[in-house]
Each structure stands twice: as C-alpha cells, then as structure tokens.
>>> print(open('protein.txt').read())   # compact mmCIF, C-alpha atoms
# COMPACT_ATOMS: atom_id res chain seq x y z
CA MET P 1 4.64 91.75 31.85
CA ASP P 2 2.37 91.23 28.82
CA MET P 3 -0.94 90.08 30.35
CA ASP P 4 -2.32 89.14 26.92
CA LYS P 5 0.38 86.53 26.41
CA PRO P 6 -0.67 83.11 27.71
CA VAL P 7 1.49 81.68 30.43
CA ASN P 8 2.72 78.09 29.94
CA THR P 9 2.23 76.41 33.31
CA ALA P 10 3.10 72.90 32.09
CA PRO P 11 6.50 71.60 33.15
CA ASP P 12 9.17 71.58 30.49
CA ARG P 13 9.87 67.92 30.01
CA GLY P 14 12.11 68.41 27.02
CA THR P 15 12.38 65.90 24.21
CA PRO P 16 10.72 62.56 25.06
CA LYS P 17 13.16 59.72 25.68
CA ILE P 18 13.58 56.87 23.24
CA VAL P 19 15.89 54.71 25.34
CA THR P 20 13.84 53.41 28.27
CA LYS P 21 13.94 50.18 30.26
CA ASP P 22 11.39 48.47 28.04
CA PHE P 23 13.06 49.76 24.88
CA VAL P 24 16.35 48.20 26.04
CA LEU P 25 14.67 44.88 26.91
CA LEU P 26 12.89 44.72 23.57
CA PHE P 27 16.14 45.64 21.83
CA ALA P 28 17.98 42.86 23.69
CA MET P 29 15.28 40.31 22.82
CA ALA P 30 15.44 41.35 19.15
CA LEU P 31 19.24 41.11 19.29
CA MET P 32 19.05 37.50 20.50
CA LEU P 33 16.45 36.52 17.91
CA TYR P 34 18.24 38.11 14.97
CA THR P 35 21.61 36.78 16.11
CA GLY P 36 20.19 33.26 15.94
CA MET P 37 18.70 33.95 12.51
CA ASN P 38 22.00 35.33 11.18
CA MET P 39 23.87 32.35 12.55
CA LEU P 40 21.68 30.15 10.38
CA THR P 41 22.86 31.94 7.21
CA VAL P 42 26.30 30.44 7.88
CA ILE P 43 25.42 27.12 9.54
CA VAL P 44 22.67 25.82 7.23
CA PRO P 45 24.55 26.10 3.88
CA LEU P 46 27.69 24.53 5.34
CA PHE P 47 25.69 21.77 7.05
CA VAL P 48 23.79 20.94 3.86
CA ILE P 49 26.79 21.05 1.51
CA GLU P 50 29.56 19.64 3.74
CA ASP P 51 27.76 17.30 6.13
CA LEU P 52 24.80 16.12 4.05
CA GLY P 53 26.58 16.27 0.68
CA SER P 54 23.90 18.32 -1.08
CA ASN P 55 24.12 21.51 -3.21
CA THR P 56 23.14 25.17 -3.46
CA ALA P 57 19.77 24.34 -5.03
CA ILE P 58 18.73 22.35 -1.96
CA THR P 59 20.14 25.09 0.28
CA GLY P 60 17.89 27.54 -1.51
CA LEU P 61 14.86 25.28 -1.07
CA LEU P 62 15.54 25.03 2.66
CA SER P 63 15.56 28.81 2.86
CA THR P 64 12.36 28.85 0.85
CA VAL P 65 10.42 26.55 3.19
CA TYR P 66 11.75 28.50 6.17
CA THR P 67 10.59 31.83 4.80
CA LEU P 68 7.37 30.44 3.32
CA ALA P 69 6.43 29.28 6.82
CA ALA P 70 7.35 32.73 8.14
CA CYS P 71 5.30 34.44 5.40
CA LEU P 72 2.19 32.37 6.08
CA THR P 73 2.57 33.03 9.80
CA ARG P 74 3.08 36.82 9.53
CA PRO P 75 -0.61 37.81 9.15
CA VAL P 76 -1.55 35.53 12.03
CA ALA P 77 1.28 36.94 14.15
CA GLY P 78 0.24 40.51 13.32
CA ASN P 79 -3.36 39.76 14.29
CA LEU P 80 -2.26 38.10 17.53
CA SER P 81 -0.02 41.08 18.33
CA ASP P 82 -2.99 43.45 17.93
CA ARG P 83 -5.43 41.32 19.95
CA PHE P 84 -3.36 39.77 22.78
CA PRO P 85 -0.54 40.87 25.10
CA ARG P 86 2.60 41.35 23.03
CA ARG P 87 4.76 39.69 25.68
CA ALA P 88 2.81 36.43 25.51
CA VAL P 89 3.13 36.36 21.72
CA MET P 90 6.89 37.10 21.90
CA VAL P 91 7.52 34.33 24.42
CA THR P 92 5.53 31.81 22.39
CA GLY P 93 7.49 32.61 19.24
CA CYS P 94 10.86 32.38 20.98
CA VAL P 95 9.99 29.01 22.52
CA ILE P 96 9.05 27.60 19.11
CA PHE P 97 12.27 28.97 17.58
CA LEU P 98 14.31 27.48 20.42
CA ALA P 99 12.77 24.02 20.10
CA ALA P 100 13.04 23.99 16.30
CA SER P 101 16.72 24.97 16.36
CA ALA P 102 17.53 22.21 18.83
CA PHE P 103 15.64 19.77 16.61
CA CYS P 104 17.74 20.78 13.58
CA GLY P 105 20.83 19.74 15.51
CA LEU P 106 19.39 16.25 16.00
CA VAL P 107 18.06 15.46 12.52
CA PRO P 108 19.75 12.45 10.88
CA VAL P 109 18.64 13.08 7.28
CA LEU P 110 17.96 15.97 4.94
CA ALA P 111 14.19 15.40 4.83
CA ALA P 112 13.87 15.98 8.58
CA LEU P 113 15.81 19.24 8.26
CA PHE P 114 12.96 20.64 6.15
CA LEU P 115 10.57 20.17 9.08
CA GLY P 116 12.99 21.89 11.44
CA ARG P 117 13.34 24.85 9.08
CA ILE P 118 9.55 25.21 8.82
CA LEU P 119 9.22 25.35 12.60
CA GLN P 120 12.08 27.86 12.81
CA GLY P 121 10.24 30.08 10.33
CA VAL P 122 7.03 29.93 12.38
CA GLY P 123 8.78 30.75 15.66
CA TYR P 124 10.89 33.53 14.19
CA SER P 125 7.87 35.10 12.47
CA VAL P 126 5.68 35.13 15.58
CA ALA P 127 8.42 36.46 17.87
CA SER P 128 9.79 39.14 15.54
CA THR P 129 6.37 40.50 14.52
CA ALA P 130 5.28 40.91 18.15
CA ASN P 131 8.68 42.34 19.12
CA ASN P 132 8.68 44.99 16.40
CA THR P 133 5.07 45.92 17.15
CA ALA P 134 5.89 46.26 20.85
CA SER P 135 8.75 48.61 19.99
CA LEU P 136 6.21 51.00 18.44
CA ASP P 137 4.40 51.12 21.80
CA VAL P 138 7.46 52.36 23.69
CA ILE P 139 8.88 54.77 21.08
CA PRO P 140 7.52 58.35 21.46
CA PRO P 141 5.27 59.14 18.46
CA SER P 142 7.07 62.44 17.89
CA ARG P 143 10.37 60.55 17.38
CA LEU P 144 9.01 57.51 15.54
CA GLY P 145 11.33 57.60 12.53
CA GLU P 146 14.40 58.11 14.71
CA GLY P 147 13.29 55.45 17.21
CA ILE P 148 12.68 52.86 14.50
CA GLY P 149 16.15 53.57 13.17
CA TYR P 150 17.77 53.05 16.55
CA PHE P 151 15.72 49.93 17.29
CA GLY P 152 16.73 48.51 13.92
CA MET P 153 20.33 48.51 15.11
CA SER P 154 19.46 45.27 16.94
CA GLN P 155 19.33 43.61 13.54
CA SER P 156 22.52 45.35 12.46
CA VAL P 157 24.48 44.32 15.55
CA ALA P 158 23.10 40.79 15.18
CA GLY P 159 24.32 40.84 11.60
CA ALA P 160 27.84 41.28 12.99
CA ILE P 161 27.57 38.90 15.93
CA GLY P 162 25.62 36.09 14.23
CA PRO P 163 27.87 35.13 11.32
CA ALA P 164 31.05 35.69 13.35
CA LEU P 165 29.74 33.58 16.26
CA ALA P 166 28.55 30.89 13.86
CA SER P 167 31.99 30.76 12.21
CA VAL P 168 33.61 30.28 15.62
CA LEU P 169 31.14 27.56 16.65
CA VAL P 170 31.52 25.76 13.33
CA GLY P 171 35.27 25.68 13.85
CA LEU P 172 35.02 24.48 17.47
CA LEU P 173 31.97 22.21 17.44
CA GLY P 174 31.23 21.42 13.81
CA ASN P 175 28.23 22.35 11.70
CA ARG P 176 25.65 20.13 13.42
CA CYS P 177 26.34 21.14 17.01
CA SER P 178 26.33 24.80 16.05
CA PHE P 179 22.53 24.59 15.87
CA TYR P 180 22.52 24.41 19.68
CA GLY P 181 24.09 27.86 19.76
CA VAL P 182 21.08 29.10 17.78
CA ALA P 183 18.79 27.41 20.31
CA ALA P 184 20.62 29.23 23.12
CA CYS P 185 19.80 32.55 21.40
CA GLY P 186 16.13 31.54 21.46
CA LEU P 187 16.37 30.80 25.19
CA LEU P 188 17.88 34.20 25.91
CA GLY P 189 15.10 35.75 23.84
CA VAL P 190 12.52 34.08 26.11
CA VAL P 191 14.24 35.52 29.18
CA MET P 192 14.29 39.05 27.76
CA ALA P 193 10.66 38.87 26.62
CA LEU P 194 9.52 37.75 30.08
CA CYS P 195 11.11 40.86 31.59
CA VAL P 196 9.08 43.23 29.40
CA ASN P 197 6.17 44.60 31.47
CA TYR P 198 5.20 47.94 29.93
CA GLU P 199 1.74 46.61 29.01
CA LYS P 200 0.98 45.86 32.65
CA CYS P 201 2.46 49.12 33.96
CA LYS P 202 0.75 51.34 31.40
CA LYS P 203 -2.40 49.15 31.19
CA MET P 204 -2.28 49.28 27.42
CA PRO P 205 -5.80 49.12 25.98
CA ARG P 206 -6.62 46.50 23.41
CA VAL P 207 -8.30 48.15 20.47
CA GLU P 208 -11.47 46.39 19.37
CA LYS P 209 -11.78 46.06 15.62
CA PRO P 210 -15.01 47.08 13.86
CA LYS P 211 -17.53 44.27 13.60
CA GLU P 212 -17.44 44.29 9.82
CA ALA P 213 -13.64 43.83 9.94
CA GLN P 214 -13.97 40.94 12.37
CA SER P 215 -16.43 39.24 10.05
CA ARG P 216 -14.11 39.51 7.02
CA PRO P 217 -11.06 37.28 7.53
CA GLY P 218 -10.04 37.61 3.87
CA LEU P 219 -7.22 39.46 2.17
CA LYS P 220 -8.85 42.87 2.65
CA ASN P 221 -8.57 42.48 6.40
CA ILE P 222 -5.09 40.94 6.30
CA ILE P 223 -3.39 43.46 3.98
CA GLU P 224 -2.59 46.85 5.52
CA LYS P 225 -2.72 49.23 2.54
CA THR P 226 -0.62 51.95 4.18
CA ALA P 227 2.34 49.55 4.37
CA LEU P 228 1.95 48.04 0.90
CA ARG P 229 4.30 50.34 -1.02
CA ALA P 230 7.11 50.02 1.50
CA ALA P 231 6.63 46.24 1.59
CA LEU P 232 6.89 45.97 -2.20
CA VAL P 233 10.06 48.06 -2.30
CA GLU P 234 11.57 45.98 0.49
CA PHE P 235 10.64 42.78 -1.34
CA ALA P 236 12.15 43.89 -4.65
CA SER P 237 15.35 45.13 -3.00
CA LEU P 238 15.88 42.13 -0.78
CA PHE P 239 15.08 39.66 -3.55
CA CYS P 240 18.28 40.86 -5.23
CA ILE P 241 20.30 41.30 -2.04
CA VAL P 242 19.48 37.73 -0.98
CA SER P 243 21.98 36.48 -3.56
CA MET P 244 24.61 37.80 -1.15
CA MET P 245 22.91 36.84 2.10
CA CYS P 246 22.22 33.18 1.36
CA PHE P 247 25.18 32.20 -0.77
CA ALA P 248 28.11 34.42 0.21
CA THR P 249 29.34 31.83 2.72
CA PRO P 250 29.44 28.77 0.40
CA TYR P 251 30.74 30.95 -2.43
CA LEU P 252 33.66 32.28 -0.42
CA LYS P 253 34.46 29.15 1.61
CA VAL P 254 33.60 26.27 -0.72
CA SER P 255 34.01 27.78 -4.20
CA ARG P 256 36.74 30.35 -3.58
CA GLY P 257 38.64 28.48 -0.84
CA PHE P 258 38.68 31.27 1.77
CA ALA P 259 38.89 30.37 5.45
CA ALA P 260 35.60 30.08 7.36
CA TRP P 261 36.21 33.33 9.26
CA VAL P 262 36.31 35.42 6.07
CA PRO P 263 32.56 35.35 5.27
CA GLY P 264 31.90 35.88 8.98
CA ALA P 265 34.10 38.98 8.91
CA PHE P 266 32.38 40.14 5.70
CA PHE P 267 28.98 40.12 7.44
CA ALA P 268 30.45 41.61 10.62
CA VAL P 269 31.86 44.60 8.76
CA SER P 270 28.57 45.07 6.92
CA ALA P 271 26.71 45.12 10.22
CA VAL P 272 29.07 47.70 11.72
CA VAL P 273 28.43 49.91 8.69
CA ILE P 274 24.66 49.55 9.16
CA VAL P 275 24.97 50.58 12.81
CA LEU P 276 27.01 53.65 11.91
CA LEU P 277 24.55 54.61 9.19
CA ARG P 278 21.62 54.32 11.58
CA LEU P 279 23.37 56.46 14.19
CA ALA P 280 24.24 59.09 11.62
CA PHE P 281 21.11 59.24 9.47
CA SER P 282 18.10 57.89 11.42
CA ARG P 283 17.07 61.43 12.37
CA PHE P 284 16.72 62.29 8.68
CA VAL P 285 14.37 59.43 7.80
CA GLY P 286 11.04 60.86 6.69
CA LYS P 287 12.43 64.39 6.41
CA CYS P 288 13.80 63.99 2.90
CA SER P 289 12.99 61.96 -0.18
CA HIS P 290 13.46 58.21 0.15
CA LEU P 291 15.60 58.43 -2.98
CA ALA P 292 18.34 59.91 -0.79
CA PHE P 293 18.54 56.47 0.83
CA LEU P 294 17.53 54.12 -1.99
CA LEU P 295 19.78 55.36 -4.80
CA PRO P 296 23.05 55.18 -2.77
CA ALA P 297 21.90 51.76 -1.53
CA TYR P 298 21.44 50.41 -5.04
CA GLY P 299 24.70 51.96 -6.18
CA SER P 300 26.51 50.15 -3.37
CA MET P 301 24.91 46.85 -4.31
CA ILE P 302 25.85 47.23 -7.98
CA LEU P 303 29.49 47.80 -7.01
CA LEU P 304 29.35 44.80 -4.66
CA CYS P 305 27.86 42.45 -7.26
CA LEU P 306 30.49 43.43 -9.81
CA GLY P 307 33.42 43.64 -7.38
CA LEU P 308 33.09 40.59 -5.11
CA PRO P 309 34.05 38.02 -7.76
CA HIS P 310 37.28 39.96 -8.34
CA ALA P 311 38.25 40.24 -4.66
CA GLU P 312 41.40 38.11 -4.45
CA SER P 313 42.38 38.56 -0.80
CA ALA P 314 40.61 38.24 2.54
CA ALA P 315 41.08 41.96 3.13
CA ALA P 316 39.42 42.77 -0.21
CA VAL P 317 36.46 40.50 0.56
CA ILE P 318 36.02 42.02 4.02
CA ALA P 319 36.18 45.52 2.52
CA MET P 320 33.27 44.54 0.28
CA GLY P 321 31.24 44.18 3.46
CA VAL P 322 31.13 47.98 3.61
CA LEU P 323 29.15 48.04 0.35
CA TYR P 324 26.79 45.32 1.51
CA GLY P 325 26.15 47.11 4.80
CA ALA P 326 25.44 50.40 3.04
CA GLY P 327 23.07 48.78 0.56
CA HIS P 328 21.06 46.77 3.04
CA GLY P 329 21.06 49.36 5.81
CA LEU P 330 19.86 52.33 3.78
CA VAL P 331 16.93 50.43 2.26
CA TRP P 332 15.89 49.08 5.65
CA MET P 333 15.98 52.49 7.35
CA ALA P 334 13.81 54.22 4.77
CA MET P 335 11.25 51.47 4.21
CA GLY P 336 11.00 50.40 7.85
CA TYR P 337 9.72 53.87 8.68
CA GLU P 338 7.55 54.16 5.59
CA ALA P 339 5.73 50.92 6.45
CA VAL P 340 4.28 52.22 9.74
CA ARG P 341 4.28 55.97 9.04
CA THR P 342 0.56 56.31 8.36
CA ALA P 343 -0.82 53.02 9.71
CA PRO P 344 -3.77 53.36 12.14
CA GLN P 345 -2.86 52.60 15.76
CA GLU P 346 -5.08 49.51 15.80
CA ARG P 347 -3.31 48.23 12.65
CA LYS P 348 0.34 48.78 13.63
CA GLY P 349 0.77 45.05 14.13
CA MET P 350 -0.54 44.28 10.67
CA ALA P 351 1.62 47.03 9.13
CA ASN P 352 4.70 45.49 10.72
CA ALA P 353 3.54 42.05 9.61
CA MET P 354 3.20 43.29 6.03
CA PHE P 355 6.71 44.72 6.01
CA TYR P 356 8.34 41.63 7.48
CA LEU P 357 6.23 39.36 5.30
CA ALA P 358 7.86 41.09 2.33
CA PHE P 359 11.25 40.51 3.98
CA ASP P 360 10.51 36.82 4.44
CA ALA P 361 9.01 36.31 1.00
CA ALA P 362 12.01 37.95 -0.67
CA ILE P 363 14.44 35.66 1.15
CA GLY P 364 12.40 32.54 0.45
CA LEU P 365 11.69 33.16 -3.22
CA GLY P 366 15.08 34.76 -3.80
CA ALA P 367 16.95 31.88 -2.22
CA ALA P 368 15.18 29.40 -4.48
CA PHE P 369 15.71 31.54 -7.58
CA TRP P 370 19.37 32.36 -7.00
CA GLY P 371 20.14 28.87 -5.71
CA PHE P 372 18.98 27.22 -8.92
CA LEU P 373 20.54 29.95 -11.06
CA ILE P 374 23.92 29.57 -9.36
CA GLU P 375 23.70 25.79 -9.71
CA TYR P 376 23.23 26.06 -13.50
CA ILE P 377 25.20 29.15 -14.59
CA GLY P 378 27.59 29.73 -11.69
CA TYR P 379 28.21 32.43 -9.10
CA VAL P 380 29.82 35.15 -11.22
CA PRO P 381 27.13 35.34 -13.96
CA SER P 382 24.47 35.33 -11.22
CA TYR P 383 26.09 38.31 -9.51
CA ARG P 384 26.16 40.16 -12.83
CA ILE P 385 22.44 39.54 -13.28
CA ALA P 386 21.84 40.86 -9.76
CA ALA P 387 23.73 44.05 -10.68
CA VAL P 388 21.43 44.57 -13.66
CA CYS P 389 18.42 44.09 -11.38
CA PHE P 390 19.61 46.92 -9.15
CA VAL P 391 20.03 49.23 -12.14
CA VAL P 392 16.41 48.55 -13.12
CA LEU P 393 15.24 49.05 -9.52
CA ALA P 394 16.99 52.42 -9.31
CA GLY P 395 15.09 53.61 -12.37
CA ILE P 396 11.76 52.41 -10.99
CA MET P 397 12.35 54.08 -7.61
CA CYS P 398 13.04 57.42 -9.32
CA VAL P 399 9.46 57.28 -10.57
CA VAL P 400 7.86 55.90 -7.39
CA PHE P 401 9.47 58.35 -4.94
CA ARG P 402 9.57 61.58 -6.91
CA LYS P 403 8.18 63.53 -3.95
CA ARG P 404 9.39 63.80 -0.36
CA PRO P 405 7.14 61.87 2.06
CA ALA P 406 4.78 64.09 4.01
CA SER P 407 5.63 64.12 7.71
CA VAL P 408 3.15 62.57 10.10
CA SER P 409 2.84 63.91 13.64
>>> encode(input="protein.txt", output="structure tokens")
Amino acid sequence: MDMDKPVNTAPDRGTPKIVTKDFVLLFAMALMLYTGMNMLTVIVPLFVIEDLGSNTAITGLLSTVYTLAACLTRPVAGNLSDRFPRRAVMVTGCVIFLAASAFCGLVPVLAALFLGRILQGVGYSVASTANNTASLDVIPPSRLGEGIGYFGMSQSVAGAIGPALASVLVGLLGNRCSFYGVAACGLLGVVMALCVNYEKCKKMPRVEKPKEAQSRPGLKNIIEKTALRAALVEFASLFCIVSMMCFATPYLKVSRGFAAWVPGAFFAVSAVVIVLLRLAFSRFVGKCSHLAFLLPAYGSMILLCLGLPHAESAAAVIAMGVLYGAGHGLVWMAMGYEAVRTAPQERKGMANAMFYLAFDAAIGLGAAFWGFLIEYIGYVPSYRIAAVCFVVLAGIMCVVFRKRPASVS
C-alpha cells in the first residue's frame, strides 16, 4: 500500500440528487401557476372578442396591463424573496392570483376586466419569482444548469395542459366561467406552497444586505448586473415570439375558422417538444456556446412565422407546434441558466426577478405592439415582419455570444 497517497475516508455519496421532496412540491406549485397563466392565453382573447365584442388591439392592451403590473412587481417580489421566507411569499402570490382570476369571471364590463388583469399580474409575479428562487435553494450547485432545465419543464408541461384544458372548459362552460378553472389552479398552487418546508428543516439563513445597499433603494440596487445580458436576450426573443403566444388562438379560431381544439393542440404539441428538449439537452447548458441553442431557436421561429399562414389543415397547424416548441424552449433553457449563473447567493432572488421581468415586459409590450399591428395590417404581414426580426436577432447573437460561457462551480 502506498503510504504517501492520502486515504479518502469520506463516504462516497455519488452525484447529488436533483429530484427531492421539496423539488417535486415546488415543481407541482409552478405547474399549477403556469397552467393557469397558459389557460389565460386562450380564455382572455376569446372572452374579449366573442363575449365583449372587442378586437385584437384591446386584447393586446389587456395583456400589456397584466404584464406591466407583473413587471413593476418583480423587483419587489425579488426583494421579498431574498428577505423573507420563500413559502410565505409564494402563498401570498398564489392567493392574489386566485382571487383576481375569480374576479375576472364576475366582471360585467370590459373596464373591470382591466383591474382583474392587473391583480392577476401582481399575484403571478410574486408567486413565480419566489417559486423560481426557492428552486435554486433545493438544486445542488454542482448541477445547477441541469436542475434549472428540469425545473423549467413545469412551464413546458403547463404549456401543454393549460391551452388544452382551457379549450375544453371553453367548450363546456363558455369563456366567462372558464376563469374559475384558472382560479382553481391558483388554489392548488396555495396547497402545494404550504407543503414546502425545506427552509424550516434546513434553517436557511437570511443573508443581510450591506448597509449601503439597504440605504439605496434606486435602480442600482434593483438591477442585478449579472443577469442583465440574459434578460435582454430573453426580452428581445420573446417580444417576437409573443406574436404567436397572444394571437395564435384568435388567428386560428376566429380568422381562419379552425375548431377551438386546434390552437389548444398547437400549444400542447409545442409544450411536449419543450419537455423533450429539456430532457435531452439540459445537461449541455453552460457547457457549450449559447449559439448552439439560440440559432436553431431563431431558425425554428422563422420557419413558423412564414409557414403558419400557409397551414391549411388542422394537422399542418398542429405540426407547426413543433417549431414553436423548439424556438421557445431552446431560448428559455440557455438564458434561464445564464441569468443566475454568476449571481451572488444573496442576489439570486433579484437575478430571477430580472429574468422574469424581461419575460413579462416582452409579453406586455409585444402584445400591445403586435395587437395594433395585426389590427391595421393583418396577421400574415405581421408574421412576416416577425420573421425578419428573428433574422436580425440571429445576427446580433452571433456577435454577443462569440465565446462559450465560462463554467461556474
């Protein structure tokens, strides 16, 4: 025996687990929250256009006020998630989302719906920011990129369940009563959040911020610089993708005359693709250039923008969901990891808030922009403009991400 060779007396614990009890509970809570949010992408446009007799421009404005409320709430939610128990913040957000969704089902006029959408944005923002920050607590640091990819499947699965469930509820109950299904998702989110107890078991310390940071409540303290690049890329990408997210349902059902289940199936297929991509490629996030994810994503979106107007059958439309899933999923995987890769532990909440603020802002501003554009020039020219935007984005990303990201232990 070589006496000079050190003997490893520590037990071999193998690779640290990602899937734990608290990971599953947080995943389930996220699944409920995002399912409710995805249901709204089907219910709100149909409710506004068919029940209230309005148009795509107003639908876009409703998305704008929803996401503007979420954007303004994100920094507050990130700060609360860093300073108070995550579970308490998650429960509070889910309760607000629940109440606001039920209120939307009761509103008699369009003006009141704006208030309901604002409250939904606040509740969703608070709950999702705390939920995503909590997920970072339970994912082993050595498997962060992989864990974020797996946790993100909650959004992907919700992307399949939400639109499909909303289409079923719209057919059975009508547009208005379908809001109560969204409220039920909020209730289930409350239940799941209450079951999360890792903070109590592990006695998670609350990191005190430096006194100079506490005394500066301005933008310098709100913006987490390490997440800024990822947030900007997410914003630019989703601003273009939102033309599909917000208006695919009225385009296919109202303008093209497809049955209500077709847009639901389109989103369901896209979500399945995102899940498969996450399972296959999450382990490679951070180990290669982000261009390996972004360029195929933009290529998929260009093909979707140019091909969807020419899809003449339900099968062709549903097949287009593969392109949408690839485009959205690849961008989300790469940038979701990049946003928190180098953030200080005491600023993980703010890094998450920055990333999701970009998500919210892109949906809000994009919905307004594309809604008015579609109203004045039509769907097909708007999709062509979106395709050009993705070509420009691909060129910009080739400059921004010329080097592979350095790994962070």
>>> atom_distance(input="protein.txt", atom1="atom CA of Val95 of chain P", atom2="atom CA of Val44 of chain P")
20.1 Å
>>> residues_around(input="protein.txt", residues="segment 355-370 of chain P", least_positions_apart="5", cutoff="9 Å", atoms="all atoms listed in the file", output="count of residues only")
50
>>> atom_distance(input="protein.txt", atom1="atom CA of Val138 of chain P", atom2="atom CA of Gly152 of chain P")
14.0 Å
>>> residues_near_point(input="protein.txt", point="(29.6, 44.9, 1.6)", cutoff="8 Å", atoms="only C-alpha atoms", output="JSON, numbers by chain")
{"P": [266, 267, 269, 270, 300, 301, 304, 318, 319, 320, 321, 322, 323, 324, 325, 326, 327]}
>>> atom_distance(input="protein.txt", atom1="atom CA of His310 of chain P", atom2="atom CA of Gly371 of chain P")
20.6 Å
>>> residues_near_point(input="protein.txt", point="(34.2, 37.2, 8.4)", cutoff="12 Å", atoms="all atoms listed in the file", output="ChimeraX atom specification")
/P:42,159-168,248-249,252-253,258-271,314-321
>>> closest_residue(input="protein.txt", among="P:Ala292, P:Val91, P:Ser313, P:Met39", to="Leu169 of chain P", atoms="all atoms listed in the file")
P:Met39
>>> closest_residue(input="protein.txt", among="P:Ile49, P:Ala102, P:Thr133, P:Ile385", to="Arg83 of chain P", atoms="all atoms listed in the file")
P:Thr133
>>> closest_residue(input="protein.txt", among="P:Ser289, P:Ser135, P:Thr226, P:Thr92", to="Val191 of chain P", atoms="only C-alpha atoms")
P:Thr92
>>> closest_residue(input="protein.txt", among="P:Ala353, P:Ile377, P:Ala77, P:Ala297", to="Met397 of chain P", atoms="all atoms listed in the file")
P:Ala297
